[in-house]
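J.: You'll find work_16.tsv just under this line, and it carries TSV, C-alpha atoms.
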chain	number	residue	atom	x	y	z
P	1	MET	CA	-28.52	5.44	13.49
P	2	ARG	CA	-28.41	9.01	12.21
P	3	THR	CA	-26.15	10.08	9.34
P	4	ASP	CA	-25.91	12.77	6.74
P	5	ASN	CA	-26.19	11.90	3.04
P	6	LEU	CA	-22.68	10.54	2.69
P	7	SER	CA	-22.10	8.22	-0.27
P	8	ALA	CA	-20.90	5.38	1.97
P	9	ALA	CA	-24.45	5.02	3.30
P	10	THR	CA	-26.72	6.37	0.56
P	11	HIS	CA	-26.88	6.93	-3.18
P	12	GLU	CA	-28.93	9.15	-5.45
P	13	LEU	CA	-31.95	7.87	-7.36
P	14	ARG	CA	-31.74	9.08	-10.94
P	15	ASP	CA	-35.46	9.23	-11.65
P	16	SER	CA	-36.83	10.71	-8.44
P	17	ARG	CA	-33.69	12.67	-7.54
P	18	GLY	CA	-34.03	11.36	-4.00
P	19	ARG	CA	-31.62	9.20	-2.01
P	20	THR	CA	-31.88	5.71	-0.64
P	21	LEU	CA	-29.70	3.42	1.44
P	22	ASN	CA	-26.87	1.43	-0.11
P	23	ALA	CA	-27.39	-2.33	0.02
P	24	ARG	CA	-24.32	-2.97	2.18
P	25	TYR	CA	-25.18	-0.21	4.67
P	26	GLU	CA	-28.77	-1.45	4.85
P	27	ALA	CA	-27.44	-4.93	5.60
P	28	VAL	CA	-25.39	-3.55	8.51
P	29	LEU	CA	-28.46	-1.87	9.95
P	30	ALA	CA	-30.46	-5.09	9.62
P	31	HIS	CA	-27.65	-7.06	11.26
P	32	TYR	CA	-27.74	-4.88	14.38
P	33	GLY	CA	-31.50	-4.36	14.31
P	34	VAL	CA	-31.42	-0.56	14.13
P	35	GLU	CA	-33.16	2.00	11.93
P	36	SER	CA	-31.64	4.78	9.85
P	37	THR	CA	-32.48	8.47	9.85
P	38	ARG	CA	-30.78	11.13	7.73
P	39	THR	CA	-30.35	14.85	7.83
P	40	ASN	CA	-31.55	17.01	4.97
P	41	PRO	CA	-29.02	17.85	2.24
P	42	ARG	CA	-26.72	20.79	3.04
P	43	SER	CA	-28.06	20.91	6.61
P	44	SER	CA	-25.15	19.81	8.77
P	45	HIS	CA	-26.58	21.78	11.73
P	46	GLU	CA	-29.30	19.11	12.02
P	47	ASN	CA	-26.63	16.77	13.32
P	48	GLY	CA	-24.78	19.49	15.16
P	49	VAL	CA	-23.93	17.46	18.26
P	50	VAL	CA	-21.88	14.98	16.24
P	51	GLU	CA	-20.37	17.64	13.97
P	52	GLN	CA	-19.26	19.71	16.96
P	53	ALA	CA	-17.84	16.69	18.77
P	54	HIS	CA	-15.87	15.77	15.65
P	55	ARG	CA	-14.45	19.29	15.36
P	56	ARG	CA	-13.44	19.45	19.02
P	57	LEU	CA	-11.79	16.03	18.84
P	58	LYS	CA	-9.68	17.14	15.87
P	59	ASN	CA	-8.66	20.26	17.81
P	60	ALA	CA	-7.74	18.14	20.83
P	61	ILE	CA	-5.55	15.86	18.68
P	62	ALA	CA	-3.87	18.91	17.09
P	63	GLN	CA	-3.11	20.38	20.54
P	64	ALA	CA	-1.76	17.03	21.78
P	65	LEU	CA	0.57	16.88	18.76
P	66	ILE	CA	1.88	20.36	19.58
P	67	LEU	CA	2.60	19.31	23.15
P	68	ARG	CA	4.26	16.14	21.89
P	69	GLY	CA	6.62	18.26	19.82
P	70	SER	CA	6.49	16.11	16.69
P	71	ARG	CA	4.00	14.69	14.20
P	72	ASP	CA	6.29	11.79	13.29
P	73	PHE	CA	5.34	8.28	14.42
P	74	GLY	CA	7.17	5.02	13.98
P	75	SER	CA	4.11	3.18	12.70
P	76	GLU	CA	0.37	3.47	12.15
P	77	VAL	CA	-0.18	1.38	15.30
P	78	GLU	CA	1.79	3.90	17.36
P	79	TYR	CA	-0.29	6.79	15.99
P	80	ALA	CA	-3.56	4.91	16.64
P	81	ALA	CA	-2.51	4.37	20.26
P	82	PHE	CA	-1.75	8.10	20.57
P	83	VAL	CA	-5.22	9.03	19.26
P	84	ARG	CA	-6.84	6.46	21.55
P	85	ARG	CA	-5.24	8.12	24.60
P	86	VAL	CA	-6.61	11.51	23.53
P	87	VAL	CA	-10.10	10.06	23.04
P	88	ASP	CA	-10.01	8.27	26.40
P	89	ARG	CA	-9.06	11.49	28.20
P	90	ARG	CA	-11.97	13.34	26.58
P	91	ASN	CA	-14.43	10.56	27.40
P	92	ARG	CA	-13.67	10.60	31.13
P	93	VAL	CA	-16.12	13.44	31.70
P	94	VAL	CA	-19.01	11.41	30.21
P	95	ASP	CA	-17.96	8.02	31.53
P	96	PHE	CA	-20.75	7.93	34.09
P	97	LYS	CA	-23.34	8.66	31.36
P	98	LEU	CA	-21.98	5.80	29.29
P	99	LYS	CA	-22.35	3.43	32.23
P	100	LEU	CA	-26.00	4.42	32.60
P	101	GLU	CA	-26.58	3.99	28.86
P	102	ARG	CA	-25.14	0.47	28.82
P	103	HIS	CA	-28.08	-0.80	30.89
P	104	HIS	CA	-30.40	0.04	27.98
P	105	LEU	CA	-28.27	-1.49	25.22
P	106	GLN	CA	-29.31	-4.77	23.66
P	107	ALA	CA	-26.93	-7.69	23.25
P	108	LEU	CA	-24.86	-7.78	20.07
P	109	PRO	CA	-25.67	-10.44	17.45
P	110	GLU	CA	-23.82	-13.71	17.95
P	111	ALA	CA	-22.34	-13.63	14.44
P	112	PRO	CA	-20.00	-10.64	13.90
P	113	ILE	CA	-19.90	-8.66	10.67
P	114	PRO	CA	-17.22	-10.04	8.30
P	115	GLU	CA	-13.95	-8.12	8.47
P	116	TYR	CA	-13.59	-8.05	4.69
P	117	VAL	CA	-15.45	-8.28	1.38
P	118	SER	CA	-14.35	-11.01	-1.03
P	119	TYR	CA	-13.79	-10.55	-4.76
P	120	ARG	CA	-12.67	-13.01	-7.43
P	121	VAL	CA	-10.94	-11.25	-10.32
P	122	SER	CA	-8.60	-11.94	-13.24
P	123	VAL	CA	-5.14	-10.40	-13.48
P	124	ARG	CA	-4.93	-8.31	-16.64
P	125	LYS	CA	-2.06	-8.20	-19.12
P	126	TRP	CA	-0.49	-5.19	-17.39
P	127	SER	CA	-0.33	-7.10	-14.10
P	128	THR	CA	-3.25	-5.20	-12.58
P	129	ILE	CA	-6.57	-6.10	-11.02
P	130	ARG	CA	-9.76	-4.08	-10.68
P	131	VAL	CA	-11.38	-4.19	-7.23
P	132	ALA	CA	-14.28	-1.97	-6.09
P	133	ASN	CA	-13.65	0.51	-8.93
P	134	ARG	CA	-9.96	0.87	-8.05
P	135	THR	CA	-6.89	-0.49	-9.80
P	136	TYR	CA	-4.08	-2.36	-8.03
P	137	SER	CA	-0.90	-3.93	-9.33
P	138	VAL	CA	0.12	-7.48	-8.44
P	139	PRO	CA	3.24	-9.56	-9.22
P	140	SER	CA	3.62	-10.11	-12.97
P	141	ARG	CA	3.80	-13.90	-12.53
P	142	LEU	CA	0.03	-13.79	-11.89
P	143	ILE	CA	-0.86	-12.33	-15.31
P	144	GLY	CA	-3.77	-14.29	-16.76
P	145	MET	CA	-4.52	-15.99	-13.44
P	146	VAL	CA	-7.68	-15.70	-11.33
P	147	VAL	CA	-7.05	-14.47	-7.79
P	148	ASP	CA	-9.16	-13.98	-4.67
P	149	VAL	CA	-9.04	-10.54	-3.08
P	150	ARG	CA	-10.08	-9.72	0.48
P	151	LEU	CA	-10.97	-6.05	0.74
P	152	HIS	CA	-10.44	-4.83	4.32
P	153	SER	CA	-11.11	-1.34	5.66
P	154	ASP	CA	-7.48	-0.23	5.27
P	155	HIS	CA	-5.72	-2.87	3.17
P	156	ASN	CA	-6.20	-5.62	0.57
P	157	GLU	CA	-5.00	-9.20	0.58
P	158	VAL	CA	-4.49	-11.10	-2.67
P	159	TYR	CA	-4.66	-14.91	-2.58
P	160	TYR	CA	-3.78	-17.38	-5.32
P	161	ARG	CA	-4.86	-20.96	-4.69
P	162	SER	CA	-5.47	-20.11	-1.01
P	163	HIS	CA	-1.93	-18.74	-0.55
P	164	LEU	CA	-1.39	-15.09	0.37
P	165	VAL	CA	0.80	-13.58	-2.37
P	166	GLU	CA	0.42	-9.83	-1.82
P	167	ARG	CA	-0.76	-7.39	0.84
P	168	MET	CA	-1.22	-3.72	-0.10
P	169	GLU	CA	-2.72	-0.52	1.20
P	170	ARG	CA	-6.32	0.06	0.16
P	171	VAL	CA	-6.96	3.01	-2.14
P	172	HIS	CA	-9.74	5.44	-1.22
P	173	GLY	CA	-11.19	7.80	-3.81
P	174	THR	CA	-12.88	7.27	-7.16
P	175	GLY	CA	-10.62	6.53	-10.09
P	176	GLU	CA	-7.42	6.17	-8.09
P	177	ALA	CA	-4.87	3.37	-8.35
P	178	GLN	CA	-2.18	1.68	-6.29
P	179	ILE	CA	0.69	0.73	-8.61
P	180	ASP	CA	3.98	-0.77	-7.45
P	181	TYR	CA	6.59	-0.53	-10.21
P	182	HIS	CA	8.22	-3.72	-8.95
P	183	HIS	CA	5.12	-5.58	-10.17
P	184	ILE	CA	4.99	-3.93	-13.60
P	185	ILE	CA	8.61	-3.52	-14.63
P	186	GLY	CA	9.14	-7.20	-15.53
P	187	SER	CA	6.61	-7.06	-18.37
P	188	LEU	CA	7.29	-3.44	-19.27
P	189	VAL	CA	11.02	-3.99	-19.82
P	190	ARG	CA	10.11	-6.45	-22.61
P	191	LYS	CA	8.04	-3.73	-24.33
P	192	PRO	CA	9.75	-0.47	-23.30
P	193	GLY	CA	8.16	1.42	-26.17
P	194	ALA	CA	4.82	1.19	-24.35
P	195	PHE	CA	6.14	3.33	-21.49
P	196	ALA	CA	5.29	6.61	-23.24
P	197	ARG	CA	1.60	5.62	-23.39
P	198	TYR	CA	1.42	3.78	-20.08
P	199	ARG	CA	-1.61	4.99	-18.16
P	200	PHE	CA	0.05	4.92	-14.73
P	201	ARG	CA	3.41	6.30	-15.82
P	202	GLU	CA	3.61	8.60	-12.79
P	203	SER	CA	3.82	5.51	-10.57
P	204	MET	CA	6.97	4.46	-12.47
P	205	LEU	CA	8.88	7.49	-11.13
P	206	PRO	CA	9.54	6.34	-7.55
P	207	THR	CA	11.61	9.37	-6.42
P	208	GLN	CA	12.32	12.91	-7.54
P	209	THR	CA	15.77	11.80	-8.69
P	210	PHE	CA	14.26	9.22	-11.06
P	211	ARG	CA	11.90	11.88	-12.42
P	212	LEU	CA	14.78	14.29	-13.09
P	213	ALA	CA	16.79	11.47	-14.66
P	214	TYR	CA	13.94	10.64	-17.05
P	215	ASP	CA	13.57	14.30	-18.04
P	216	ALA	CA	17.32	14.50	-18.64
P	217	LEU	CA	17.29	11.36	-20.80
P	218	ARG	CA	14.50	12.79	-22.92
P	219	GLY	CA	16.61	15.91	-23.47
P	220	TRP	CA	19.51	14.12	-25.18
P	221	ARG	CA	18.18	10.64	-26.04
P	222	GLY	CA	14.84	11.60	-27.61
P	223	GLU	CA	12.58	8.61	-28.26
P	224	ARG	CA	15.33	6.31	-27.01
P	225	ALA	CA	14.85	7.79	-23.52
P	226	ASP	CA	11.95	5.44	-22.74
P	227	VAL	CA	14.04	2.35	-23.43
P	228	GLU	CA	16.99	3.61	-21.38
P	229	TYR	CA	14.81	4.68	-18.45
P	230	VAL	CA	12.82	1.44	-18.30
P	231	ARG	CA	16.07	-0.52	-18.18
P	232	ILE	CA	17.37	1.73	-15.39
P	233	LEU	CA	14.14	1.22	-13.45
P	234	HIS	CA	14.42	-2.54	-13.96
P	235	LEU	CA	17.94	-2.33	-12.57
P	236	ALA	CA	16.59	-0.56	-9.47
P	237	ALA	CA	13.88	-3.21	-9.02
P	238	THR	CA	16.29	-6.14	-9.32
P	239	THR	CA	19.18	-4.71	-7.26
P	240	MET	CA	18.76	-1.84	-4.80
P	241	GLU	CA	16.69	1.26	-5.54
P	242	SER	CA	18.62	3.48	-3.12
P	243	GLU	CA	21.93	2.58	-4.80
P	244	VAL	CA	20.61	3.40	-8.29
P	245	ASP	CA	19.02	6.58	-6.95
P	246	GLY	CA	22.39	7.69	-5.57
P	247	VAL	CA	24.16	7.00	-8.87
P	248	LEU	CA	21.53	8.97	-10.79
P	249	GLY	CA	21.93	11.88	-8.38
P	250	THR	CA	25.69	11.91	-8.90
P	251	LEU	CA	25.34	11.82	-12.69
P	252	LEU	CA	22.77	14.62	-12.68
P	253	GLU	CA	25.04	16.83	-10.58
P	254	SER	CA	27.98	16.15	-12.91
P	255	GLY	CA	26.01	17.21	-15.99
P	256	LEU	CA	27.27	14.20	-17.97
P	257	ASN	CA	25.11	12.51	-20.60
P	258	PHE	CA	24.44	9.04	-19.22
P	259	ASP	CA	22.61	5.91	-20.29
P	260	TYR	CA	21.64	2.56	-18.83
P	261	ALA	CA	25.06	1.01	-19.37
P	262	MET	CA	26.79	3.78	-17.41
P	263	VAL	CA	24.30	3.59	-14.54
P	264	ARG	CA	24.65	-0.18	-14.37
P	265	ARG	CA	28.42	0.03	-14.34
P	266	MET	CA	28.49	2.63	-11.55
P	267	SER	CA	25.86	0.90	-9.41
P	268	ALA	CA	27.31	-2.59	-9.73
P	269	PRO	CA	27.97	-3.99	-6.26
P	270	ALA	CA	31.59	-4.48	-5.30
P	271	ALA	CA	32.84	-8.04	-5.44
P	272	PRO	CA	32.93	-9.50	-1.93
P	273	PRO	CA	36.42	-10.26	-0.65
P	274	VAL	CA	37.37	-13.91	-0.70
P	275	PRO	CA	38.98	-14.94	2.57
P	276	GLU	CA	42.34	-16.65	2.35
P	277	LEU	CA	42.39	-19.97	4.14
P	278	LYS	CA	45.69	-20.92	5.73
P	279	LEU	CA	46.19	-24.47	6.96
P	280	ALA	CA	48.77	-25.28	9.56
P	281	GLY	CA	51.04	-28.05	8.22
P	282	SER	CA	50.13	-30.73	5.69
P	283	VAL	CA	46.89	-32.70	5.60
P	284	ASP	CA	47.09	-36.47	6.04
P	285	LEU	CA	44.51	-37.92	3.64
P	286	GLY	CA	45.37	-41.42	4.77
P	287	VAL	CA	43.07	-40.95	7.73
P	288	ASP	CA	40.09	-40.75	5.34
P	289	ASP	CA	41.24	-43.88	3.52
P	290	ARG	CA	41.44	-45.87	6.71
P	291	LEU	CA	38.00	-44.60	7.76
P	292	LEU	CA	36.42	-45.80	4.49
P	293	VAL	CA	37.80	-49.33	4.89
P	294	GLY	CA	36.94	-49.54	8.57
P	295	GLY	CA	40.46	-49.12	9.80
P	296	VAL	CA	39.62	-46.41	12.31
P	297	ARG	CA	37.66	-47.21	15.48
Could you rewrite the structure in this file as structure tokens?

T.:
Amino acid sequence: MRTDNLSAATHELRDSRGRTLNARYEAVLAHYGVESTRTNPRSSHENGVVEQAHRRLKNAIAQALILRGSRDFGSEVEYAAFVRRVVDRRNRVVDFKLKLERHHLQALPEAPIPEYVSYRVSVRKWSTIRVANRTYSVPSRLIGMVVDVRLHSDHNEVYYRSHLVERMERVHGTGEAQIDYHHIIGSLVRKPGAFARYRFRESMLPTQTFRLAYDALRGWRGERADVEYVRILHLAATTMESEVDGVLGTLLESGLNFDYAMVRRMSAPAAPPVPELKLAGSVDLGVDDRLLVGGVR
């Protein structure tokens, strides 16, 4: 199996300044019984066949999107099916070569490679966990608990006592985080003063309207802005974010100085109408009395 020196497969040796295989990648090679070869650093032309095929595939997908007339898809599954059709069309010209190659392929191992990597971690005081050098938020009720995390290629699953409690998109990239303010706001609203120093504060601004509202609060509320904003965000998490977002937009357009109490009053859901029940005639309760004493058959 030939690769370049990508970090998913290799890592640098500090002393010799060379590179060697990562343990997990080496285990994959051993599982399938294949050997690894690598190109020289900064020599992508040594693997030119693959590089060129990759470039042409991306061009083919871009052209197919132009013909489709839109880059919007209803779901990731729908987009994956679209890409699969493009790949299948391109592979038709080499289908006969693939059929010849299959006669020389060995059988796959009976045991498949696991679909995920398992981690057992503790939930920190800010309702976050650290998995594979990335930070993720989880529901605040798990603070102080030990959870099991299954790290898949595109998502994570968090289990507590064998029960799935959270499923989230996997973060790719060193030092990045996946923070859902719904997980954090419960503990943060009890200590709103910590918002100014909160490491992932950008994740607590779910829309541009919330960001503008926070900036506006800082303009006329000063240090009190953090308390007011955290309460507004808690309101959005416990009611409906879109409703609070709309109220904030209206207040920003009006130019009025607002606070949490005003936002809560304007975003309070209308009381549901109580239907009026009209009974025809009077109700004879004697029927129930006779039923209780066995008088009705």

J.: What is the atom CA of P:Arg92 to atom CA of P:Arg56 distance in Å?

T.: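 Computed distance, atom CA of P:Arg92 to atom CA of P:Arg56, equals 15.0 Å.
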
J.: So how many Å separate atom CA of P:Tyr214 and atom CA of P:Ala236, to one decimal?

T.: 13.8 Å

J.: Find the residues around stretch 190-206 of chain P up to 12 Å (all atoms listed in the file counted), leave out those fewer than 3 positions away in its own chain, and share them as a ChimeraX atom specification.

T.: /P:126,128,135-137,175-187,209-215,218,222-234,236-237,241-242,244-245

J.: I need the residue nearest P:Gly33 from this list: P:Pro109, P:Tyr119, P:Gly69, P:Leu151. Use all atoms listed in the file for the distance.

T.: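 Once distances to P:Gly33 are computed over all atoms listed in the file, the minimum belongs to P:Pro109.
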
J.: Which of these, P:Val121, P:Leu142, P:Ala30, P:Val171, has the shortest distance to P:Asp154 once you count all atoms listed in the file?

T.: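 Of P:Val121, P:Leu142, P:Ala30, P:Val171, the one nearest P:Asp154 is P:Val171, counting all atoms listed in the file.
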
J.: Write out as a ChimeraX atom specification the residues lying within 12 Å of stretch 11-20 of chain P, counting all atoms listed in the file and excluding same-chain residues fewer than 2 positions away.

T.: /P:4-9,22-26,36-41

J.: Work out where the centre of an axis-aligned box around every listed atom of stretch 22-32 of chain P lies and how long its edges are once 3 Å is added on each side; give both in Å to one decimal as JSON.

T.:
{"center_x": -27.4, "center_y": -2.8, "center_z": 7.1, "size_x": 12.1, "size_y": 14.5, "size_z": 20.5}

J.: What's the separation between atom CA of P:His31 and atom CA of P:Met1, in Å to one decimal place?

T.: 12.7 Å
